[in-house]
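A.B. asks: The following file, entry-v5.cif, comprises mmCIF, C-alpha atoms:
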data_run
loop_
_atom_site.label_atom_id
_atom_site.label_comp_id
_atom_site.auth_asym_id
_atom_site.auth_seq_id
_atom_site.Cartn_x
_atom_site.Cartn_y
_atom_site.Cartn_z
CA MET W 816 16.71 12.26 -41.84
CA SER W 817 18.19 12.40 -38.38
CA ARG W 818 20.81 15.06 -37.97
CA PRO W 819 24.16 13.70 -36.94
CA ASN W 820 25.13 14.25 -33.36
CA THR W 821 28.05 16.61 -33.73
CA GLY W 822 28.71 16.61 -30.03
CA GLU W 823 28.17 20.35 -29.89
CA ILE W 824 25.17 19.98 -27.65
CA ASP W 825 26.08 19.67 -24.03
CA PRO W 826 24.46 16.42 -22.86
CA LYS W 827 23.86 18.00 -19.46
CA ASP W 828 21.69 20.67 -21.07
CA THR W 829 19.59 18.18 -23.00
CA ALA W 830 19.24 16.06 -19.87
CA ARG W 831 17.98 19.04 -17.92
CA ALA W 832 15.55 19.95 -20.72
CA GLU W 833 14.28 16.37 -20.79
CA ILE W 834 13.81 16.19 -17.05
CA ARG W 835 11.93 19.47 -17.20
CA SER W 836 9.77 18.11 -20.02
CA TYR W 837 8.84 15.06 -17.90
CA ALA W 838 8.16 17.34 -14.92
CA ILE W 839 5.86 19.57 -16.97
CA GLY W 840 4.03 16.50 -18.25
CA PHE W 841 3.68 15.14 -14.71
CA VAL W 842 2.39 18.39 -13.22
CA ALA W 843 -0.04 18.91 -16.13
CA SER W 844 -1.36 15.33 -15.81
CA LEU W 845 -1.69 15.75 -12.06
CA LEU W 846 -3.70 18.97 -12.44
CA LEU W 847 -5.91 17.52 -15.18
CA THR W 848 -6.54 14.32 -13.21
CA GLY W 849 -7.17 16.24 -10.01
CA GLY W 850 -9.43 18.60 -11.94
CA ALA W 851 -11.50 15.74 -13.34
CA PHE W 852 -11.99 14.23 -9.88
CA ALA W 853 -12.75 17.67 -8.42
CA VAL W 854 -15.42 18.19 -11.09
CA HIS W 855 -16.89 14.83 -10.09
CA LEU W 856 -17.17 15.99 -6.47
CA SER W 857 -18.45 19.46 -7.38
CA GLY W 858 -22.09 20.48 -7.51
CA LEU W 859 -22.16 21.32 -11.22
CA SER W 860 -24.96 20.10 -13.46
CA VAL W 861 -24.54 16.69 -15.07
CA SER W 862 -23.93 17.96 -18.60
CA TRP W 863 -21.27 20.40 -17.37
CA LYS W 864 -19.58 17.65 -15.42
CA ILE W 865 -19.48 15.35 -18.44
CA ALA W 866 -18.22 18.11 -20.74
CA LEU W 867 -15.43 19.11 -18.34
CA ILE W 868 -14.35 15.51 -17.62
CA CYS W 869 -14.18 14.74 -21.36
CA ALA W 870 -12.26 17.94 -22.07
CA ALA W 871 -9.75 17.20 -19.27
CA ALA W 872 -9.29 13.65 -20.59
CA LEU W 873 -8.64 14.79 -24.16
CA VAL W 874 -6.13 17.43 -23.05
CA GLN W 875 -4.40 14.91 -20.82
CA ILE W 876 -4.13 12.39 -23.66
CA VAL W 877 -2.41 15.05 -25.76
CA VAL W 878 -0.07 15.86 -22.85
CA HIS W 879 0.83 12.17 -22.51
CA LEU W 880 1.47 11.80 -26.24
CA ARG W 881 3.62 14.88 -26.28
CA LYS W 882 5.54 14.65 -23.02
CA PHE W 883 5.78 10.92 -22.26
CA LEU W 884 5.60 9.32 -25.69
CA HIS W 885 7.56 12.20 -27.23
CA LEU W 886 5.42 12.44 -30.32
CA SER W 887 5.92 15.68 -32.09
CA PHE W 888 3.01 17.45 -33.70
CA SER W 889 5.14 20.00 -35.52
CA GLY W 890 6.94 17.86 -38.06
CA GLU W 891 10.29 17.33 -36.35
CA GLN W 892 9.50 13.64 -36.57
CA SER W 893 11.51 11.69 -39.07
CA ARG W 894 9.36 8.58 -39.11
CA GLU W 895 5.70 8.22 -39.93
CA ASP W 896 4.76 7.96 -36.25
CA LEU W 897 2.40 10.88 -36.41
CA LEU W 898 0.75 9.67 -39.62
CA LEU W 899 0.28 6.26 -38.03
CA VAL W 900 -1.32 7.81 -34.95
CA LEU W 901 -3.59 10.02 -37.03
CA PHE W 902 -4.60 7.09 -39.25
CA SER W 903 -5.38 4.91 -36.22
CA VAL W 904 -7.37 7.69 -34.58
CA CYS W 905 -9.29 8.18 -37.83
CA LEU W 906 -10.13 4.45 -38.03
CA LEU W 907 -11.06 4.49 -34.39
CA ALA W 908 -13.32 7.52 -34.80
CA ILE W 909 -15.16 5.79 -37.64
CA MET W 910 -15.51 2.42 -35.88
CA ALA W 911 -15.98 3.47 -32.26
CA GLY W 912 -17.91 6.65 -32.99
CA GLY W 913 -20.02 4.81 -35.56
CA THR W 914 -20.79 1.96 -33.17
CA TRP W 915 -21.78 4.33 -30.43
CA TYR W 916 -23.91 6.48 -32.75
CA VAL W 917 -25.72 3.56 -34.34
CA MET W 918 -26.43 1.89 -31.01
CA ALA W 919 -27.54 5.11 -29.32
CA ASP W 920 -29.82 5.92 -32.24
CA LEU W 921 -31.27 2.42 -32.22
CA GLY W 922 -31.83 2.60 -28.47
CA GLU W 923 -33.63 5.90 -28.81
CA ARG W 924 -35.93 4.63 -31.57
CA MET W 925 -36.81 1.56 -29.55
CA HIS W 926 -37.62 3.65 -26.51
CA GLN W 927 -39.88 5.78 -28.69
CA SER W 928 -41.77 2.78 -29.92
CA GLY W 929 -42.49 2.36 -26.22
CA MET W 930 -43.21 -0.59 -23.90
CA ASP W 931 -40.66 -2.90 -22.40
CA GLY W 932 -41.42 -5.39 -25.07
CA ALA W 933 -39.68 -8.06 -27.04
CA PRO W 934 -38.09 -5.74 -29.64
CA MET W 935 -35.82 -4.28 -26.95
CA HIS W 936 -34.04 -7.55 -26.44
CA SER W 937 -32.72 -7.44 -29.98
CA MET W 938 -30.51 -4.56 -28.91
CA SER W 939 -28.68 -6.25 -26.10
CA ALA W 940 -28.00 -9.18 -28.42
CA ASP W 941 -25.70 -7.03 -30.54
CA MET C 219 14.50 18.52 -28.23
CA ASN C 220 17.52 19.19 -30.34
CA GLU C 221 17.53 16.10 -32.49
CA ALA C 222 14.78 14.74 -34.68
CA ASN C 223 12.94 11.88 -33.03
CA LEU C 224 13.37 8.63 -34.93
CA TYR C 225 10.68 6.74 -33.04
CA PRO C 226 8.08 7.23 -30.28
CA GLY C 227 9.33 7.48 -26.74
CA LEU C 228 12.46 9.13 -25.42
CA ASN C 229 15.09 8.54 -28.10
CA LEU C 230 18.43 7.10 -27.12
CA GLY C 231 20.13 9.74 -29.26
CA GLY C 232 23.03 9.63 -31.71
CA GLY C 233 25.53 9.01 -28.93
CA HIS C 234 24.30 5.41 -28.71
CA GLY C 235 25.26 4.63 -32.31
CA ASP C 236 23.93 1.30 -33.50
CA ALA C 237 21.37 0.95 -30.72
CA HIS C 238 19.81 4.27 -31.73
CA ASP C 239 19.45 3.23 -35.38
CA GLN C 240 18.33 -0.28 -34.50
CA ALA C 241 15.67 1.20 -32.24
CA GLU C 242 14.18 3.16 -35.13
CA ASN C 243 12.74 0.10 -36.90
CA THR C 244 12.06 -1.99 -33.84
CA VAL C 245 10.27 0.63 -31.79
CA PHE C 246 8.33 1.85 -34.81
CA GLY C 247 7.15 -1.71 -35.43
CA PHE C 248 6.14 -2.01 -31.79
CA TRP C 249 4.27 1.27 -32.11
CA VAL C 250 2.29 -0.21 -35.02
CA PHE C 251 1.29 -3.07 -32.69
CA LEU C 252 0.26 -0.60 -29.99
CA MET C 253 -1.94 1.28 -32.45
CA SER C 254 -3.78 -1.95 -33.24
CA ASP C 255 -4.09 -2.44 -29.49
CA LEU C 256 -5.53 1.06 -29.33
CA ILE C 257 -8.21 0.04 -31.84
CA ILE C 258 -9.18 -2.90 -29.61
CA PHE C 259 -9.44 -0.63 -26.57
CA GLY C 260 -11.36 1.95 -28.61
CA ILE C 261 -13.95 -0.58 -29.72
CA LEU C 262 -14.34 -1.79 -26.13
CA PHE C 263 -14.87 1.83 -25.05
CA ALA C 264 -17.57 2.14 -27.72
CA SER C 265 -19.38 -1.01 -26.60
CA TYR C 266 -19.16 0.12 -22.97
CA ALA C 267 -20.74 3.46 -23.92
CA SER C 268 -23.42 1.68 -25.96
CA TYR C 269 -24.38 -0.66 -23.13
CA ARG C 270 -24.65 2.16 -20.61
CA ASP C 271 -28.44 2.43 -20.81
CA PRO C 272 -31.32 0.66 -19.02
CA ILE C 273 -31.38 -2.13 -21.61
CA GLY C 274 -27.65 -2.75 -21.36
CA LEU C 275 -27.87 -2.76 -17.57
CA ALA C 276 -30.61 -5.40 -17.83
CA GLY C 277 -31.78 -4.80 -14.26
CA GLY C 278 -28.36 -5.68 -12.85
CA PRO C 279 -26.30 -3.47 -10.54
CA GLY C 280 -25.25 -0.13 -12.07
CA PRO C 281 -22.31 2.27 -11.79
CA ARG C 282 -23.54 3.84 -8.55
CA ASP C 283 -23.94 0.45 -6.89
CA LEU C 284 -20.51 -0.81 -7.91
CA PHE C 285 -17.95 1.94 -8.40
CA ASP C 286 -15.77 3.08 -5.52
CA ILE C 287 -14.41 6.42 -6.70
CA GLU C 288 -11.83 6.63 -3.90
CA SER C 289 -10.25 3.39 -5.00
CA VAL C 290 -10.27 4.60 -8.62
CA ALA C 291 -8.42 7.75 -7.51
CA ILE C 292 -5.82 5.64 -5.70
CA GLN C 293 -5.34 3.44 -8.77
CA THR C 294 -5.01 6.51 -10.96
CA ALA C 295 -2.32 7.94 -8.69
CA PHE C 296 -0.36 4.67 -8.72
CA LEU C 297 -0.46 4.40 -12.48
CA LEU C 298 0.29 8.06 -13.19
CA VAL C 299 3.32 8.13 -10.90
CA GLY C 300 4.36 4.71 -12.22
CA GLY C 301 4.22 6.05 -15.78
CA VAL C 302 6.29 9.12 -14.97
CA ALA C 303 8.79 6.92 -13.10
CA TYR C 304 9.60 5.24 -16.41
CA GLY C 305 10.99 8.61 -17.46
CA GLY C 306 13.69 7.88 -14.88
CA VAL C 307 14.46 4.58 -16.64
CA SER C 308 14.63 6.22 -20.08
CA LEU C 309 16.88 9.03 -18.88
CA ALA C 310 19.15 6.67 -16.93
CA VAL C 311 19.56 4.51 -20.04
CA LYS C 312 20.12 7.46 -22.34
CA TYR C 313 22.72 9.19 -20.14
CA GLU C 314 24.32 5.93 -19.01
CA THR C 315 24.13 6.68 -15.32
CA GLY C 316 24.70 3.06 -14.51
CA ARG C 317 22.93 -0.26 -14.26
CA ALA C 318 21.93 0.13 -10.63
CA LYS C 319 19.93 3.28 -11.31
CA VAL C 320 18.13 1.74 -14.27
CA ILE C 321 17.19 -1.28 -12.17
CA ALA C 322 16.07 0.92 -9.25
CA TRP C 323 13.75 2.94 -11.50
CA LEU C 324 12.42 -0.26 -13.11
CA LEU C 325 11.67 -1.71 -9.69
CA LEU C 326 9.85 1.49 -8.73
CA CYS C 327 7.70 1.23 -11.89
CA ALA C 328 6.93 -2.43 -11.19
CA ALA C 329 6.05 -1.69 -7.56
CA LEU C 330 3.68 1.14 -8.51
CA GLY C 331 2.13 -1.05 -11.20
CA ALA C 332 1.63 -3.79 -8.62
CA GLY C 333 0.00 -1.28 -6.25
CA PHE C 334 -2.39 -0.36 -9.04
CA LEU C 335 -3.23 -4.00 -9.70
CA PHE C 336 -3.78 -4.71 -6.01
CA PHE C 337 -6.52 -2.06 -5.74
CA GLU C 338 -8.00 -3.01 -9.10
CA VAL C 339 -8.32 -6.69 -8.19
CA LYS C 340 -9.70 -5.71 -4.78
CA ASP C 341 -12.38 -3.67 -6.57
CA PHE C 342 -13.19 -6.51 -8.93
CA ILE C 343 -13.65 -8.87 -6.00
CA THR C 344 -15.90 -6.40 -4.15
CA GLN C 345 -17.94 -5.81 -7.30
CA ALA C 346 -18.36 -9.52 -7.96
CA GLY C 347 -19.50 -9.88 -4.35
CA LYS C 348 -22.22 -7.29 -4.95
CA GLY C 349 -23.52 -9.27 -7.92
CA GLY C 350 -21.55 -7.27 -10.50
CA VAL C 351 -20.23 -10.30 -12.34
CA PRO C 352 -19.60 -10.16 -16.13
CA GLN C 353 -22.57 -12.39 -16.95
CA ALA C 354 -25.03 -10.17 -15.04
CA SER C 355 -25.59 -7.74 -17.91
CA GLY C 356 -24.22 -6.50 -21.23
CA TRP C 357 -22.92 -3.39 -19.51
CA LEU C 358 -21.01 -5.47 -16.96
CA SER C 359 -19.59 -7.74 -19.68
CA SER C 360 -18.18 -4.74 -21.48
CA TYR C 361 -16.92 -3.24 -18.20
CA TRP C 362 -15.03 -6.40 -17.23
CA ALA C 363 -13.68 -6.85 -20.75
CA LEU C 364 -12.37 -3.29 -21.01
CA VAL C 365 -10.98 -2.75 -17.51
CA GLY C 366 -9.87 -6.38 -17.24
CA LEU C 367 -7.96 -6.18 -20.52
CA HIS C 368 -6.18 -3.07 -19.29
CA GLY C 369 -5.34 -4.86 -16.02
CA ILE C 370 -3.89 -7.80 -17.96
CA HIS C 371 -1.78 -5.34 -19.93
CA VAL C 372 -0.42 -3.85 -16.70
CA LEU C 373 0.32 -7.35 -15.40
CA SER C 374 2.24 -8.21 -18.58
CA GLY C 375 4.04 -4.88 -18.28
CA ILE C 376 5.21 -5.87 -14.80
CA VAL C 377 6.33 -9.30 -16.04
CA TRP C 378 8.20 -7.56 -18.87
CA ILE C 379 9.87 -5.17 -16.40
CA LEU C 380 11.05 -8.10 -14.28
CA ALA C 381 12.31 -9.87 -17.40
CA MET C 382 14.25 -6.76 -18.39
CA ILE C 383 15.82 -6.53 -14.94
CA ALA C 384 16.99 -10.12 -15.35
CA GLN C 385 18.39 -9.31 -18.79
CA ILE C 386 20.21 -6.22 -17.52
CA ILE C 387 21.83 -8.31 -14.80
CA LYS C 388 22.70 -11.14 -17.18
CA ARG C 389 23.74 -9.30 -20.36
CA GLY C 390 24.51 -5.79 -19.14
CA MET C 391 23.37 -2.69 -20.97
CA ASP C 392 24.03 -3.88 -24.51
CA ASP C 393 22.28 -2.58 -27.63
CA THR C 394 19.54 -5.21 -27.57
CA VAL C 395 18.65 -4.43 -23.97
CA LYS C 396 18.55 -0.70 -24.69
CA VAL C 397 16.19 -1.19 -27.64
CA ARG C 398 13.96 -3.47 -25.56
CA LEU C 399 13.87 -0.93 -22.76
CA SER C 400 12.78 1.72 -25.29
CA MET C 401 9.92 -0.53 -26.41
CA LEU C 402 8.91 -1.26 -22.84
CA GLY C 403 8.83 2.49 -22.19
CA VAL C 404 6.43 3.08 -25.06
CA PHE C 405 4.25 0.21 -23.81
CA TRP C 406 4.23 1.44 -20.21
CA HIS C 407 3.36 5.03 -21.15
CA PHE C 408 0.66 3.74 -23.51
CA LEU C 409 -1.05 1.92 -20.63
CA ASP C 410 -1.12 5.19 -18.72
CA LEU C 411 -2.77 6.84 -21.69
CA VAL C 412 -5.47 4.16 -21.92
CA TRP C 413 -6.09 4.52 -18.18
CA VAL C 414 -6.80 8.25 -18.67
CA GLY C 415 -9.64 7.17 -20.96
CA ILE C 416 -10.82 4.54 -18.47
CA PHE C 417 -10.97 6.68 -15.34
CA SER C 418 -12.66 9.49 -17.28
CA PHE C 419 -15.12 7.66 -19.51
CA VAL C 420 -15.70 4.42 -17.61
CA PHE C 421 -15.78 5.71 -14.02
CA LEU C 422 -16.27 9.48 -13.82
CA VAL C 423 -18.75 10.11 -16.65
CA PRO C 424 -21.30 7.44 -15.56
CA LEU C 425 -21.15 8.78 -12.00
CA ALA C 426 -21.62 12.40 -13.09
#
Just dump the structure as structure tokens.
C.D. replies:
Amino acid sequence: MSRPNTGEIDPKDTARAEIRSYAIGFVASLLLTGGAFAVHLSGLSVSWKIALICAAALVQIVVHLRKFLHLSFSGEQSREDLLLVLFSVCLLAIMAGGTWYVMADLGERMHQSGMDGAPMHSMSAD
Amino acid sequence: MNEANLYPGLNLGGGHGDAHDQAENTVFGFWVFLMSDLIIFGILFASYASYRDPIGLAGGPGPRDLFDIESVAIQTAFLLVGGVAYGGVSLAVKYETGRAKVIAWLLLCAALGAGFLFFEVKDFITQAGKGGVPQASGWLSSYWALVGLHGIHVLSGIVWILAMIAQIIKRGMDDTVKVRLSMLGVFWHFLDLVWVGIFSFVFLVPLA
């Protein structure tokens, strides 16, 4: 489905656009990284810090996908790259999110049952 | 972008003829591998998050005892700039600005990657010295597995870069080399992406 290169596009123009795209990606990543570290040093409350760091990380991952890995989210992709990414992320959300949820829930229930007793050791065995 | 992208990473473009078409299948296949790699990293992230409680720490040293946030910032800078520097490689290959430039950019990437590894290994040694060895607790096992695996990836990336430099010198910029450089680019940028998750979720969140 790739369009043939008719040679009508001036390669210098595309080169400039691509350099600019990398530059935008670099500046955005720099700001998001710097922002995350600044939040760490700031005096915000713990839950705010965690929320902001997570948000900055997610935005930066999208920036990397878009600007450095050149994945398109708007369907100008001819291969199933985007589907593959979405499928992998879906699997990951189920497995990683599920693991984290199950373990956190288990941990909480064990804390409720109290005492640093034997049952707690069953958790670290998993 | 004026042309449809055939595969992840900066596309060589129609002007490269066969190499561009050949890259479609090869880089896509490599991307499938990277997505399975992503699943491995994701699961390690999940176990790290699960072990980050008093039981997982098992009385061993915790994040505040072990993590040196300054060193993490330095590593992040090395890797981020190293990742962007690969843009120079991709553009130099695409616009055929000459072998020397491609090699110079590759060397820059390798050097920045090596700088990253230097600080990471230094941290690992300091942490082990403070009793933060993998066998000390479940949390530390998952920390070493996750961050260590990423470090091994960066090391193999550097080895790959050096191998590509040798190939460029030996074979010149033929189609095979161009396709391999496209794959290496996807790999190198992917490591950067995983590191974003590591510095945020492994280092910054536990210290918040």
A.B. asks: What would the selection look like, as a list in words, if the PyMOL selection byres ((chain W and resi 829-838) around 10) were run on the coordinates I just shared?
C.D. replies: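 That expression, the PyMOL selection byres ((chain W and resi 829-838) around 10), corresponds here to Ile824, Asp825, Pro826, Lys827, Asp828, Ile839, Gly840, Phe841, Val842, Ala843, Ser844, His879, Arg881, Lys882, Phe883 and His885 of chain W; Met219, Asn220, Glu221, Leu228, Val302, Ala303, Tyr304, Gly305, Gly306, Leu309, Ala310, Lys312 and Tyr313 of chain C.
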A.B. asks: Starting from the shown file, work through the PyMOL selection byres ((chain W and resi 851) around 8) and note down what comes out as a ChimeraX atom specification.
C.D. replies: /W:847-850,852-855,867-868,871-872 /C:418,422
A.B. asks: Once the PyMOL selection byres ((chain W and resi 914-921) around 10) is applied to the coordinates I shared, what remains selected? I want it as an mmCIF file with C-alpha atoms, in the coordinates of the input.
C.D. replies:
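Written output follows (expr15.cif):
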data_model
loop_
_atom_site.group_PDB
_atom_site.id
_atom_site.type_symbol
_atom_site.label_atom_id
_atom_site.label_comp_id
_atom_site.auth_asym_id
_atom_site.auth_seq_id
_atom_site.Cartn_x
_atom_site.Cartn_y
_atom_site.Cartn_z
ATOM 1 C CA ALA W 908 -13.320 7.520 -34.800
ATOM 2 C CA ILE W 909 -15.160 5.790 -37.640
ATOM 3 C CA MET W 910 -15.510 2.420 -35.880
ATOM 4 C CA ALA W 911 -15.980 3.470 -32.260
ATOM 5 C CA GLY W 912 -17.910 6.650 -32.990
ATOM 6 C CA GLY W 913 -20.020 4.810 -35.560
ATOM 7 C CA GLY W 922 -31.830 2.600 -28.470
ATOM 8 C CA GLU W 923 -33.630 5.900 -28.810
ATOM 9 C CA ARG W 924 -35.930 4.630 -31.570
ATOM 10 C CA MET W 925 -36.810 1.560 -29.550
ATOM 11 C CA HIS W 926 -37.620 3.650 -26.510
ATOM 12 C CA GLN W 927 -39.880 5.780 -28.690
ATOM 13 C CA MET W 935 -35.820 -4.280 -26.950
ATOM 14 C CA MET W 938 -30.510 -4.560 -28.910
ATOM 15 C CA SER W 939 -28.680 -6.250 -26.100
ATOM 16 C CA ASP W 941 -25.700 -7.030 -30.540
ATOM 17 C CA ILE C 261 -13.950 -0.580 -29.720
ATOM 18 C CA PHE C 263 -14.870 1.830 -25.050
ATOM 19 C CA ALA C 264 -17.570 2.140 -27.720
ATOM 20 C CA SER C 265 -19.380 -1.010 -26.600
ATOM 21 C CA TYR C 266 -19.160 0.120 -22.970
ATOM 22 C CA ALA C 267 -20.740 3.460 -23.920
ATOM 23 C CA SER C 268 -23.420 1.680 -25.960
ATOM 24 C CA TYR C 269 -24.380 -0.660 -23.130
ATOM 25 C CA ARG C 270 -24.650 2.160 -20.610
ATOM 26 C CA ASP C 271 -28.440 2.430 -20.810
#
A.B. asks: Which of these, W:Leu898, W:Ala870, W:Val878, W:Val861, has the shortest distance to chain C once you count all atoms listed in the file?
C.D. replies: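 Of all the options, W:Val861 lies closest to chain C.
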A.B. asks: To one decimal place, how far is atom CA of Val900 of chain W from atom CA of Gly233 of chain C in Å?
C.D. replies: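 One can read the atom CA of Val900 of chain W to atom CA of Gly233 of chain C distance as 27.5 Å.
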A.B. asks: Using all atoms listed in the file, determine which residues lie at most 12 Å from segment 357-363 of chain C, disregarding the query and same-chain residues fewer than 2 positions distant; provide the list as a ChimeraX atom specification.
C.D. replies: /W:939-941 /C:258-281,284-285,338-339,341-343,345-346,349-355,365-370,416-417,419-421,424
A.B. asks: Would you export the selected residues with C-alpha atoms as an mmCIF file, keeping the file's coordinate frame, please?
C.D. replies:
data_model
loop_
_atom_site.group_PDB
_atom_site.id
_atom_site.type_symbol
_atom_site.label_atom_id
_atom_site.label_comp_id
_atom_site.auth_asym_id
_atom_site.auth_seq_id
_atom_site.Cartn_x
_atom_site.Cartn_y
_atom_site.Cartn_z
ATOM 1 C CA SER W 939 -28.680 -6.250 -26.100
ATOM 2 C CA ALA W 940 -28.000 -9.180 -28.420
ATOM 3 C CA ASP W 941 -25.700 -7.030 -30.540
ATOM 4 C CA ILE C 258 -9.180 -2.900 -29.610
ATOM 5 C CA PHE C 259 -9.440 -0.630 -26.570
ATOM 6 C CA GLY C 260 -11.360 1.950 -28.610
ATOM 7 C CA ILE C 261 -13.950 -0.580 -29.720
ATOM 8 C CA LEU C 262 -14.340 -1.790 -26.130
ATOM 9 C CA PHE C 263 -14.870 1.830 -25.050
ATOM 10 C CA ALA C 264 -17.570 2.140 -27.720
ATOM 11 C CA SER C 265 -19.380 -1.010 -26.600
ATOM 12 C CA TYR C 266 -19.160 0.120 -22.970
ATOM 13 C CA ALA C 267 -20.740 3.460 -23.920
ATOM 14 C CA SER C 268 -23.420 1.680 -25.960
ATOM 15 C CA TYR C 269 -24.380 -0.660 -23.130
ATOM 16 C CA ARG C 270 -24.650 2.160 -20.610
ATOM 17 C CA ASP C 271 -28.440 2.430 -20.810
ATOM 18 C CA PRO C 272 -31.320 0.660 -19.020
ATOM 19 C CA ILE C 273 -31.380 -2.130 -21.610
ATOM 20 C CA GLY C 274 -27.650 -2.750 -21.360
ATOM 21 C CA LEU C 275 -27.870 -2.760 -17.570
ATOM 22 C CA ALA C 276 -30.610 -5.400 -17.830
ATOM 23 C CA GLY C 277 -31.780 -4.800 -14.260
ATOM 24 C CA GLY C 278 -28.360 -5.680 -12.850
ATOM 25 C CA PRO C 279 -26.300 -3.470 -10.540
ATOM 26 C CA GLY C 280 -25.250 -0.130 -12.070
ATOM 27 C CA PRO C 281 -22.310 2.270 -11.790
ATOM 28 C CA LEU C 284 -20.510 -0.810 -7.910
ATOM 29 C CA PHE C 285 -17.950 1.940 -8.400
ATOM 30 C CA GLU C 338 -8.000 -3.010 -9.100
ATOM 31 C CA VAL C 339 -8.320 -6.690 -8.190
ATOM 32 C CA ASP C 341 -12.380 -3.670 -6.570
ATOM 33 C CA PHE C 342 -13.190 -6.510 -8.930
ATOM 34 C CA ILE C 343 -13.650 -8.870 -6.000
ATOM 35 C CA GLN C 345 -17.940 -5.810 -7.300
ATOM 36 C CA ALA C 346 -18.360 -9.520 -7.960
ATOM 37 C CA GLY C 349 -23.520 -9.270 -7.920
ATOM 38 C CA GLY C 350 -21.550 -7.270 -10.500
ATOM 39 C CA VAL C 351 -20.230 -10.300 -12.340
ATOM 40 C CA PRO C 352 -19.600 -10.160 -16.130
ATOM 41 C CA GLN C 353 -22.570 -12.390 -16.950
ATOM 42 C CA ALA C 354 -25.030 -10.170 -15.040
ATOM 43 C CA SER C 355 -25.590 -7.740 -17.910
ATOM 44 C CA VAL C 365 -10.980 -2.750 -17.510
ATOM 45 C CA GLY C 366 -9.870 -6.380 -17.240
ATOM 46 C CA LEU C 367 -7.960 -6.180 -20.520
ATOM 47 C CA HIS C 368 -6.180 -3.070 -19.290
ATOM 48 C CA GLY C 369 -5.340 -4.860 -16.020
ATOM 49 C CA ILE C 370 -3.890 -7.800 -17.960
ATOM 50 C CA ILE C 416 -10.820 4.540 -18.470
ATOM 51 C CA PHE C 417 -10.970 6.680 -15.340
ATOM 52 C CA PHE C 419 -15.120 7.660 -19.510
ATOM 53 C CA VAL C 420 -15.700 4.420 -17.610
ATOM 54 C CA PHE C 421 -15.780 5.710 -14.020
ATOM 55 C CA PRO C 424 -21.300 7.440 -15.560
#
A.B. asks: Taking all atoms listed in the file into account, name the residue in C:Asp236, C:Asp392, C:Gly301, C:Ala328 that is nearest to chain W.
C.D. replies: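 Of all the options, C:Gly301 lies closest to chain W.
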A.B. asks: Can you work out the spacing between atom CA of Leu409 of chain C and atom CA of Trp323 of chain C in Å, to one decimal?
C.D. replies: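 Result for atom CA of Leu409 of chain C versus atom CA of Trp323 of chain C: 17.4 Å, one decimal.
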A.B. asks: Please report the interatomic distance between atom CA of Met401 of chain C and atom CA of Cys869 of chain W in Å with one decimal.
C.D. replies: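 Interatomic distance, atom CA of Met401 of chain C to atom CA of Cys869 of chain W: 29.0 Å.
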A.B. asks: In terms of the shortest atom-to-atom distance over all atoms listed in the file, which of W:Phe902, W:Leu884, W:Ser857, W:Val877 is closest to chain C?
C.D. replies: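 Closest to chain C of all the choices is W:Leu884.
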A.B. asks: Given 3 Å of margin on each side, can you work out the centre and size in Å (one decimal) of an axis-aligned box holding every listed atom of segment 297-308 of chain C, as AutoDock Vina command-line options?
C.D. replies:
--center_x 7.1 --center_y 6.8 --center_z -15.5 --size_x 21.1 --size_y 10.7 --size_z 15.2
A.B. asks: When distances are computed from only C-alpha atoms, which of C:Phe246, C:Trp378, C:Trp413, C:Trp406 shows the smallest separation from Ala291 of chain C?
C.D. replies: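 Result for the nearest residue to Ala291 of chain C: C:Trp413.
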A.B. asks: Using all atoms listed in the file, which of C:Gly316, C:Gly356, C:Gly375, C:Gly390 sits nearest chain W?
C.D. replies: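 Result for the nearest residue to chain W: C:Gly356.
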